[in-house]
>>> print(open('my_file_21.tsv').read())   # TSV, C-alpha atoms
chain	number	residue	atom	x	y	z
A	1	MET	CA	123.31	208.93	-175.61
A	2	ARG	CA	126.18	206.46	-175.84
A	3	PHE	CA	124.44	203.28	-174.72
A	4	ARG	CA	124.45	200.16	-176.82
A	5	VAL	CA	121.37	197.98	-177.17
A	6	GLY	CA	123.17	195.23	-175.24
A	7	GLU	CA	123.92	197.54	-172.31
A	8	ILE	CA	120.28	198.55	-171.99
A	9	LEU	CA	119.21	194.92	-172.27
A	10	ALA	CA	121.65	193.97	-169.49
A	11	ALA	CA	120.45	196.81	-167.24
A	12	ILE	CA	116.82	195.69	-167.62
A	13	ASP	CA	117.88	192.10	-166.95
A	14	ARG	CA	119.50	193.14	-163.66
A	15	ARG	CA	116.24	194.69	-162.46
A	16	ALA	CA	113.81	192.13	-163.96
A	17	PRO	CA	115.76	189.01	-165.00
A	18	PHE	CA	114.48	187.63	-168.29
A	19	ALA	CA	115.02	184.11	-166.89
A	20	SER	CA	112.27	184.86	-164.35
A	21	ALA	CA	109.61	185.12	-167.07
A	22	ALA	CA	107.08	182.32	-167.36
A	23	ALA	CA	108.34	179.40	-169.41
A	24	TRP	CA	105.75	180.04	-172.14
A	25	ASP	CA	106.67	183.72	-172.51
A	26	ALA	CA	108.69	185.52	-175.19
A	27	VAL	CA	111.00	188.15	-173.67
A	28	GLY	CA	114.39	189.70	-174.30
A	29	LEU	CA	115.87	191.13	-177.50
A	30	GLN	CA	113.43	190.35	-180.32
A	31	ILE	CA	114.84	192.56	-183.08
A	32	GLY	CA	118.23	194.21	-183.33
A	33	ASP	CA	121.98	194.17	-182.86
A	34	LEU	CA	123.43	194.13	-179.35
A	35	GLU	CA	126.32	196.33	-180.51
A	36	ARG	CA	124.16	199.05	-182.11
A	37	THR	CA	124.38	202.47	-180.41
A	38	VAL	CA	121.03	203.92	-179.37
A	39	SER	CA	120.10	207.57	-179.90
A	40	ALA	CA	116.50	207.61	-178.63
A	41	VAL	CA	114.22	205.11	-176.88
A	42	ALA	CA	110.46	204.60	-176.88
A	43	VAL	CA	108.46	202.61	-174.32
A	44	VAL	CA	105.12	201.09	-175.38
A	45	HIS	CA	102.44	198.89	-173.90
A	46	GLU	CA	102.06	196.96	-177.13
A	47	PHE	CA	102.71	197.53	-180.81
A	48	THR	CA	100.04	198.74	-183.19
A	49	THR	CA	100.51	200.12	-186.69
A	50	ARG	CA	99.61	203.63	-185.51
A	51	LEU	CA	102.16	203.49	-182.71
A	52	ILE	CA	104.88	202.26	-185.05
A	53	ASP	CA	104.23	205.29	-187.28
A	54	ARG	CA	104.64	207.55	-184.24
A	55	ILE	CA	107.78	205.74	-183.10
A	56	VAL	CA	109.42	205.98	-186.51
A	57	SER	CA	108.50	209.65	-186.94
A	58	GLY	CA	109.83	210.37	-183.45
A	59	GLY	CA	113.25	209.00	-184.31
A	60	ALA	CA	113.49	206.17	-181.76
A	61	ASP	CA	115.89	203.39	-182.71
A	62	LEU	CA	115.05	201.17	-179.72
A	63	VAL	CA	111.63	200.26	-178.35
A	64	VAL	CA	111.06	198.58	-175.01
A	65	THR	CA	107.63	196.94	-175.08
A	66	TYR	CA	105.61	195.26	-172.36
A	67	HIS	CA	103.58	193.00	-174.65
A	68	PRO	CA	105.93	190.94	-176.83
A	69	LEU	CA	106.06	191.94	-180.47
A	70	LEU	CA	106.84	188.34	-181.44
A	71	PHE	CA	104.86	185.81	-179.46
A	72	ARG	CA	103.99	183.10	-181.98
A	73	PRO	CA	106.30	181.89	-184.75
A	74	LEU	CA	105.99	183.72	-188.06
A	75	SER	CA	106.15	181.90	-191.38
A	76	SER	CA	107.04	185.09	-193.25
A	77	VAL	CA	107.98	188.74	-192.67
A	78	THR	CA	106.29	190.86	-195.31
A	79	ALA	CA	104.57	194.23	-195.64
A	80	VAL	CA	101.08	193.08	-194.65
A	81	PRO	CA	98.75	194.01	-191.77
A	82	GLY	CA	99.41	192.39	-188.40
A	83	ALA	CA	102.48	191.17	-186.56
A	84	GLU	CA	104.56	190.21	-189.57
A	85	GLY	CA	104.02	193.60	-191.18
A	86	ARG	CA	105.04	195.36	-187.97
A	87	VAL	CA	108.20	193.29	-187.77
A	88	PHE	CA	108.92	194.09	-191.43
A	89	THR	CA	108.57	197.84	-190.83
A	90	LEU	CA	110.76	197.86	-187.72
A	91	ILE	CA	113.52	195.84	-189.37
A	92	GLU	CA	113.34	198.04	-192.48
A	93	ARG	CA	113.66	201.17	-190.29
A	94	ARG	CA	116.46	199.60	-188.20
A	95	VAL	CA	114.50	199.84	-184.92
A	96	ALA	CA	115.54	197.38	-182.21
A	97	VAL	CA	112.92	195.81	-179.90
A	98	ILE	CA	113.29	194.54	-176.34
A	99	SER	CA	110.29	192.79	-174.80
A	100	VAL	CA	109.59	192.50	-171.09
A	101	HIS	CA	106.43	190.77	-169.98
A	102	THR	CA	105.96	188.30	-167.13
A	103	ASN	CA	109.48	188.95	-165.84
A	104	TRP	CA	108.32	192.54	-165.27
A	105	ASP	CA	105.15	191.25	-163.57
A	106	ALA	CA	107.23	189.25	-161.08
A	107	ALA	CA	109.94	191.87	-160.49
A	108	PRO	CA	109.99	194.09	-157.39
A	109	GLY	CA	108.43	197.38	-158.43
A	110	GLY	CA	107.14	195.84	-161.67
A	111	SER	CA	103.63	195.44	-163.04
A	112	SER	CA	102.07	193.55	-160.14
A	113	ASP	CA	103.58	195.77	-157.45
A	114	SER	CA	102.54	198.84	-159.44
A	115	LEU	CA	98.94	197.63	-159.73
A	116	ALA	CA	98.87	196.83	-156.00
A	117	ALA	CA	100.21	200.31	-155.21
A	118	ALA	CA	97.69	202.00	-157.53
A	119	LEU	CA	94.88	200.26	-155.62
A	120	GLU	CA	96.44	201.11	-152.24
A	121	LEU	CA	96.99	197.55	-151.06
A	122	ARG	CA	99.04	197.29	-147.88
A	123	ASP	CA	101.81	194.75	-147.24
A	124	PRO	CA	101.29	192.91	-150.56
A	125	GLU	CA	102.65	189.38	-150.86
A	126	GLY	CA	103.16	187.27	-153.94
A	127	PHE	CA	100.65	184.72	-155.20
A	128	ALA	CA	99.87	183.01	-158.54
A	129	SER	CA	102.94	180.88	-159.17
A	130	SER	CA	104.23	179.63	-162.47
A	131	THR	CA	107.34	177.86	-163.70
A	132	THR	CA	109.92	180.19	-165.22
A	133	GLY	CA	112.11	179.64	-168.23
A	134	ALA	CA	114.93	178.85	-165.79
A	135	GLY	CA	112.84	176.08	-164.18
A	136	ASP	CA	112.16	177.99	-160.96
A	137	GLU	CA	108.84	179.11	-159.51
A	138	ALA	CA	107.91	182.80	-159.59
A	139	LEU	CA	104.92	184.67	-158.17
A	140	PHE	CA	103.22	186.87	-160.75
A	141	GLY	CA	100.37	188.40	-158.69
A	142	ARG	CA	100.04	190.24	-155.38
A	143	CYS	CA	97.63	189.92	-152.44
A	144	GLY	CA	97.46	192.48	-149.64
A	145	SER	CA	95.29	194.23	-147.08
A	146	PHE	CA	92.66	196.72	-148.21
A	147	GLY	CA	89.97	197.10	-145.57
A	148	GLY	CA	87.41	199.07	-147.58
A	149	SER	CA	84.39	197.84	-149.46
A	150	VAL	CA	84.30	196.32	-152.91
A	151	GLY	CA	82.68	199.58	-153.99
A	152	ASP	CA	85.70	201.50	-152.68
A	153	LEU	CA	87.97	199.20	-154.67
A	154	ALA	CA	85.86	199.66	-157.81
A	155	ASP	CA	86.02	203.45	-157.39
A	156	LEU	CA	89.81	203.31	-157.04
A	157	ALA	CA	90.05	201.15	-160.15
A	158	HIS	CA	87.97	203.68	-162.05
A	159	ALA	CA	90.12	206.58	-160.85
A	160	ARG	CA	93.53	204.92	-161.25
A	161	LEU	CA	92.99	202.60	-164.23
A	162	GLY	CA	90.46	204.61	-166.21
A	163	VAL	CA	87.82	201.91	-166.38
A	164	ARG	CA	84.80	200.84	-164.31
A	165	PRO	CA	85.26	197.10	-163.62
A	166	ARG	CA	82.45	194.61	-163.95
A	167	LEU	CA	81.68	192.77	-160.71
A	168	SER	CA	80.67	189.25	-159.73
A	169	GLY	CA	79.43	190.30	-156.28
A	170	SER	CA	78.12	193.08	-154.07
A	171	LEU	CA	79.61	196.58	-153.90
A	172	ASP	CA	78.85	196.59	-150.17
A	173	ARG	CA	80.99	193.54	-149.43
A	174	VAL	CA	83.96	194.30	-147.13
A	175	ALA	CA	87.26	193.50	-148.86
A	176	ARG	CA	89.82	193.00	-146.12
A	177	ARG	CA	92.24	191.23	-148.47
A	178	VAL	CA	92.50	191.91	-152.19
A	179	ALA	CA	94.41	189.97	-154.82
A	180	VAL	CA	95.52	191.59	-158.07
A	181	LEU	CA	97.10	190.25	-161.23
A	182	PRO	CA	97.69	192.46	-164.28
A	183	GLY	CA	96.51	191.28	-167.68
A	184	SER	CA	94.79	187.94	-168.06
A	185	GLY	CA	94.23	186.46	-164.59
A	186	GLY	CA	91.08	184.39	-164.91
A	187	SER	CA	92.96	181.10	-164.66
A	188	GLN	CA	94.37	182.18	-161.28
A	189	VAL	CA	90.95	182.47	-159.59
A	190	ASP	CA	91.58	179.38	-157.47
A	191	GLU	CA	94.96	180.72	-156.37
A	192	ALA	CA	93.37	184.01	-155.33
A	193	ILE	CA	90.81	182.05	-153.30
A	194	SER	CA	93.62	180.04	-151.68
A	195	ALA	CA	95.43	183.29	-150.85
A	196	GLY	CA	92.45	184.30	-148.71
A	197	ALA	CA	91.28	187.15	-150.93
A	198	ASP	CA	87.84	188.62	-150.38
A	199	ALA	CA	88.11	190.29	-153.80
A	200	TYR	CA	90.25	189.68	-156.87
A	201	LEU	CA	90.93	192.35	-159.49
A	202	THR	CA	92.34	191.29	-162.83
A	203	GLY	CA	91.31	191.07	-166.51
A	204	ASP	CA	89.95	188.56	-169.02
A	205	VAL	CA	87.79	186.60	-166.55
A	206	SER	CA	85.44	184.10	-168.18
A	207	HIS	CA	81.85	183.31	-167.20
A	208	HIS	CA	82.81	180.01	-165.56
A	209	GLN	CA	85.78	181.51	-163.72
A	210	ALA	CA	83.54	184.26	-162.31
A	211	ARG	CA	80.99	181.63	-161.28
A	212	ARG	CA	83.71	179.65	-159.51
A	213	ALA	CA	84.73	182.77	-157.58
A	214	ALA	CA	81.13	183.63	-156.70
A	215	ASP	CA	80.50	180.11	-155.41
A	216	SER	CA	83.54	180.44	-153.15
A	217	GLY	CA	82.40	183.79	-151.75
A	218	MET	CA	85.14	185.84	-153.44
A	219	VAL	CA	84.16	188.88	-155.50
A	220	VAL	CA	85.85	189.28	-158.89
A	221	LEU	CA	86.42	192.69	-160.43
A	222	ASP	CA	87.28	192.42	-164.13
A	223	ALA	CA	88.90	195.72	-165.06
A	224	GLY	CA	90.14	194.55	-168.46
A	225	HIS	CA	93.44	193.27	-169.77
A	226	GLY	CA	95.05	196.53	-170.87
A	227	PRO	CA	93.86	198.79	-168.03
A	228	THR	CA	95.22	196.51	-165.31
A	229	GLU	CA	98.65	196.67	-166.97
A	230	ARG	CA	98.82	200.47	-167.29
A	231	PRO	CA	100.48	201.14	-163.90
A	232	GLY	CA	103.18	198.60	-164.78
A	233	VAL	CA	103.82	200.23	-168.15
A	234	ARG	CA	104.30	203.60	-166.46
A	235	ALA	CA	106.75	201.93	-164.05
A	236	LEU	CA	108.54	200.39	-167.04
A	237	TYR	CA	108.97	203.86	-168.52
A	238	ASP	CA	110.48	205.05	-165.22
A	239	LEU	CA	112.88	202.09	-165.26
A	240	VAL	CA	114.08	202.75	-168.82
A	241	ASP	CA	114.26	206.50	-168.24
A	242	GLY	CA	116.54	205.82	-165.27
A	243	ILE	CA	118.85	203.59	-167.32
A	244	VAL	CA	119.61	205.82	-170.31
A	245	ASP	CA	120.90	209.38	-170.41
A	246	GLY	CA	119.08	210.40	-173.56
A	247	PRO	CA	115.50	210.96	-174.71
A	248	VAL	CA	112.93	208.35	-173.65
A	249	GLU	CA	109.30	208.69	-174.74
A	250	LEU	CA	106.28	206.81	-173.42
A	251	VAL	CA	104.21	206.24	-176.56
A	252	GLY	CA	100.71	205.11	-175.63
A	253	GLY	CA	97.03	205.19	-176.33
A	254	ASP	CA	96.47	201.88	-178.11
A	255	ASP	CA	96.55	199.38	-175.24
A	256	ASN	CA	92.90	198.29	-175.42
A	257	PRO	CA	91.24	196.92	-178.58
A	258	TRP	CA	87.84	197.11	-176.85
A	259	GLY	CA	88.05	200.90	-176.77
A	260	LEU	CA	87.62	201.25	-173.00
>>> encode(input="my_file_21.tsv", output="structure tokens")
Amino acid sequence: MRFRVGEILAAIDRRAPFASAAAWDAVGLQIGDLERTVSAVAVVHEFTTRLIDRIVSGGADLVVTYHPLLFRPLSSVTAVPGAEGRVFTLIERRVAVISVHTNWDAAPGGSSDSLAAALELRDPEGFASSTTGAGDEALFGRCGSFGGSVGDLADLAHARLGVRPRLSGSLDRVARRVAVLPGSGGSQVDEAISAGADAYLTGDVSHHQARRAADSGMVVLDAGHGPTERPGVRALYDLVDGIVDGPVELVGGDDNPWGL
């Protein structure tokens, strides 16, 4: 492999521009030197201490992560549990980190399109807008035709995402249009209603957000934060694997702290 970190960063940016991430997000090169040559790449959903041990032992010197490693400012970088300890270890081992997040949600073929495809939505269109870091508006969710029942959708979610979602409505309800948003989509309930969705599948839905959906007649399926992002992480691996000509490993298994 003769790619530099900066070349891989630029290739990802062409497919999923970092400027298209939500204004609050933290994406791009978070650790590393743009001029450093890469010998092996790992792709992860998010960093945990166990995954870092696997990455280091596997010899990767660049990690592309979906969940940002650095999201909130750190006051120190020391060898302690948590984010600052992970940053310390990666810097000490000279491992570069590129984060993609909401720019990958919005991108064609990214997390939202991958979730829509996994649930067999037809003709998906964008919904759930937010201001990007560039000051534009981007659509981070998808809404498309389904035509089966809510029970059919729940069964697909179980088969494709590995989790049985909790429901705010009847399994027998016909879901002609379904909205999906990977990760934490509870605050977009009203936008899913406005998009004409009969059912909305996402993660991290609160009691009051589910009640709002139920009052409107829309069924919510909460499949969890991590599980709804898994199809997008697999698509991210495919993207990175297509960019570099050397070894790329999808290192996973720690995407859900709830143990689902």
>>> atom_distance(input="my_file_21.tsv", atom1="atom CA of A:Ala26", atom2="atom CA of A:Val56")
23.4 Å
>>> closest_residue(input="my_file_21.tsv", among="A:Ala22, A:Ala107, A:Leu236, A:Leu221", to="A:Val178", atoms="only C-alpha atoms")
A:Leu221
>>> residues_around(input="my_file_21.tsv", residues="stretch 83-96 of chain A", least_positions_apart="5", cutoff="12 Å", atoms="all atoms listed in the file", output="PyMOL selection string")
chain A and resi 4-6+8-9+28-43+46-65+68-78
>>> residues_around(input="my_file_21.tsv", residues="stretch 226-233 of chain A", least_positions_apart="5", cutoff="8 Å", atoms="all atoms listed in the file", output="PyMOL selection string")
chain A and resi 44-45+66+104-105+110-115+118+161-163+181-183+202-203+255-256
>>> residues_around(input="my_file_21.tsv", residues="A:Gly148", least_positions_apart="6", cutoff="7 Å", atoms="all atoms listed in the file", output="PDB file with C-alpha atoms, keeping the file's coordinate frame")
ATOM      1  CA  VAL A 174      83.960 194.300-147.130  1.00  0.00           C
ATOM      2  CA  ALA A 175      87.260 193.500-148.860  1.00  0.00           C
ATOM      3  CA  ARG A 176      89.820 193.000-146.120  1.00  0.00           C
TER       4      ARG A 176
END
>>> atom_distance(input="my_file_21.tsv", atom1="atom CA of A:Val219", atom2="atom CA of A:Ala197")
8.6 Å
>>> atom_distance(input="my_file_21.tsv", atom1="atom CA of A:Ser20", atom2="atom CA of A:Thr132")
5.3 Å
>>> closest_residue(input="my_file_21.tsv", among="A:Ser187, A:Gly252, A:Asp204, A:Val150", to="A:Met218", atoms="only C-alpha atoms")
A:Val150
>>> closest_residue(input="my_file_21.tsv", among="A:Ala106, A:Leu121, A:Ala19, A:Val244", to="A:Phe3", atoms="all atoms listed in the file")
A:Val244
>>> residues_around(input="my_file_21.tsv", residues="A:Ser149", least_positions_apart="2", cutoff="9 Å", atoms="all atoms listed in the file", output="list of chain:residue names")
A:Phe146, A:Gly147, A:Gly151, A:Asp152, A:Leu153, A:Ala154, A:Leu171, A:Asp172, A:Arg173, A:Val174, A:Ala175, A:Arg176
>>> closest_residue(input="my_file_21.tsv", among="A:Thr102, A:Ala195, A:Glu120, A:Asp222", to="A:Gly133", atoms="only C-alpha atoms")
A:Thr102
>>> residues_around(input="my_file_21.tsv", residues="A:Asp123", least_positions_apart="6", cutoff="12 Å", atoms="only C-alpha atoms", output="list in words")
Asp113, Ala116, Ala117, Arg142, Cys143, Gly144, Ser145, Phe146, Arg177, Val178 and Ala179 of chain A
>>> closest_residue(input="my_file_21.tsv", among="A:Ala21, A:Gln188, A:Arg122, A:His225", to="A:Arg212", atoms="all atoms listed in the file")
A:Gln188
>>> closest_residue(input="my_file_21.tsv", among="A:Ile12, A:Leu167, A:Leu139, A:Ile193", to="A:Pro124", atoms="only C-alpha atoms")
A:Leu139
>>> decode(input="my_file_21.tsv", residues="stretch 109-130 of chain A", atoms="N, CA and C atoms", output="mmCIF file, in the first residue's frame")
data_model
loop_
_atom_site.group_PDB
_atom_site.id
_atom_site.type_symbol
_atom_site.label_atom_id
_atom_site.label_comp_id
_atom_site.auth_asym_id
_atom_site.auth_seq_id
_atom_site.Cartn_x
_atom_site.Cartn_y
_atom_site.Cartn_z
ATOM 1 N N GLY A 109 -25.597 6.217 -0.928
ATOM 2 C CA GLY A 109 -25.002 4.932 -0.596
ATOM 3 C C GLY A 109 -24.461 4.843 0.816
ATOM 4 N N GLY A 110 -24.658 5.884 1.626
ATOM 5 C CA GLY A 110 -24.149 5.919 2.987
ATOM 6 C C GLY A 110 -25.077 5.241 3.979
ATOM 7 N N SER A 111 -25.033 5.691 5.220
ATOM 8 C CA SER A 111 -25.742 4.991 6.297
ATOM 9 C C SER A 111 -27.255 4.962 6.116
ATOM 10 N N SER A 112 -27.841 6.092 5.723
ATOM 11 C CA SER A 112 -29.296 6.128 5.588
ATOM 12 C C SER A 112 -29.767 5.306 4.404
ATOM 13 N N ASP A 113 -29.072 5.419 3.274
ATOM 14 C CA ASP A 113 -29.436 4.604 2.111
ATOM 15 C C ASP A 113 -29.238 3.123 2.411
ATOM 16 N N SER A 114 -28.194 2.792 3.161
ATOM 17 C CA SER A 114 -27.928 1.389 3.484
ATOM 18 C C SER A 114 -29.004 0.820 4.408
ATOM 19 N N LEU A 115 -29.468 1.621 5.370
ATOM 20 C CA LEU A 115 -30.547 1.167 6.250
ATOM 21 C C LEU A 115 -31.838 0.999 5.451
ATOM 22 N N ALA A 116 -32.130 1.943 4.565
ATOM 23 C CA ALA A 116 -33.328 1.839 3.725
ATOM 24 C C ALA A 116 -33.270 0.586 2.852
ATOM 25 N N ALA A 117 -32.105 0.287 2.291
ATOM 26 C CA ALA A 117 -31.952 -0.900 1.454
ATOM 27 C C ALA A 117 -32.105 -2.177 2.264
ATOM 28 N N ALA A 118 -31.534 -2.196 3.484
ATOM 29 C CA ALA A 118 -31.631 -3.381 4.333
ATOM 30 C C ALA A 118 -33.084 -3.700 4.670
ATOM 31 N N LEU A 119 -33.928 -2.654 4.764
ATOM 32 C CA LEU A 119 -35.336 -2.840 5.106
ATOM 33 C C LEU A 119 -36.238 -2.841 3.880
ATOM 34 N N GLU A 120 -35.606 -2.902 2.703
ATOM 35 C CA GLU A 120 -36.299 -3.085 1.421
ATOM 36 C C GLU A 120 -37.286 -1.965 1.113
ATOM 37 N N LEU A 121 -36.904 -0.738 1.450
ATOM 38 C CA LEU A 121 -37.729 0.408 1.071
ATOM 39 C C LEU A 121 -37.528 0.692 -0.410
ATOM 40 N N ARG A 122 -38.595 1.078 -1.074
ATOM 41 C CA ARG A 122 -38.538 1.378 -2.506
ATOM 42 C C ARG A 122 -38.601 2.887 -2.729
ATOM 43 N N ASP A 123 -37.816 3.346 -3.693
ATOM 44 C CA ASP A 123 -37.792 4.761 -4.091
ATOM 45 C C ASP A 123 -37.624 5.695 -2.884
ATOM 46 N N PRO A 124 -36.614 5.460 -2.060
ATOM 47 C CA PRO A 124 -36.442 6.314 -0.869
ATOM 48 C C PRO A 124 -36.069 7.743 -1.244
ATOM 49 N N GLU A 125 -36.615 8.672 -0.485
ATOM 50 C CA GLU A 125 -36.319 10.099 -0.637
ATOM 51 C C GLU A 125 -35.787 10.619 0.692
ATOM 52 N N GLY A 126 -35.060 11.715 0.635
ATOM 53 C CA GLY A 126 -34.493 12.281 1.838
ATOM 54 C C GLY A 126 -35.528 12.974 2.708
ATOM 55 N N PHE A 127 -35.321 12.923 4.010
ATOM 56 C CA PHE A 127 -36.098 13.720 4.965
ATOM 57 C C PHE A 127 -35.178 13.965 6.163
ATOM 58 N N ALA A 128 -35.626 14.719 7.125
ATOM 59 C CA ALA A 128 -34.869 15.053 8.344
ATOM 60 C C ALA A 128 -33.691 15.956 7.996
ATOM 61 N N SER A 129 -33.985 17.235 7.820
ATOM 62 C CA SER A 129 -32.956 18.185 7.403
ATOM 63 C C SER A 129 -32.237 18.787 8.597
ATOM 64 N N SER A 130 -30.998 19.181 8.339
ATOM 65 C CA SER A 130 -30.210 19.874 9.348
ATOM 66 C C SER A 130 -29.197 20.752 8.637
#
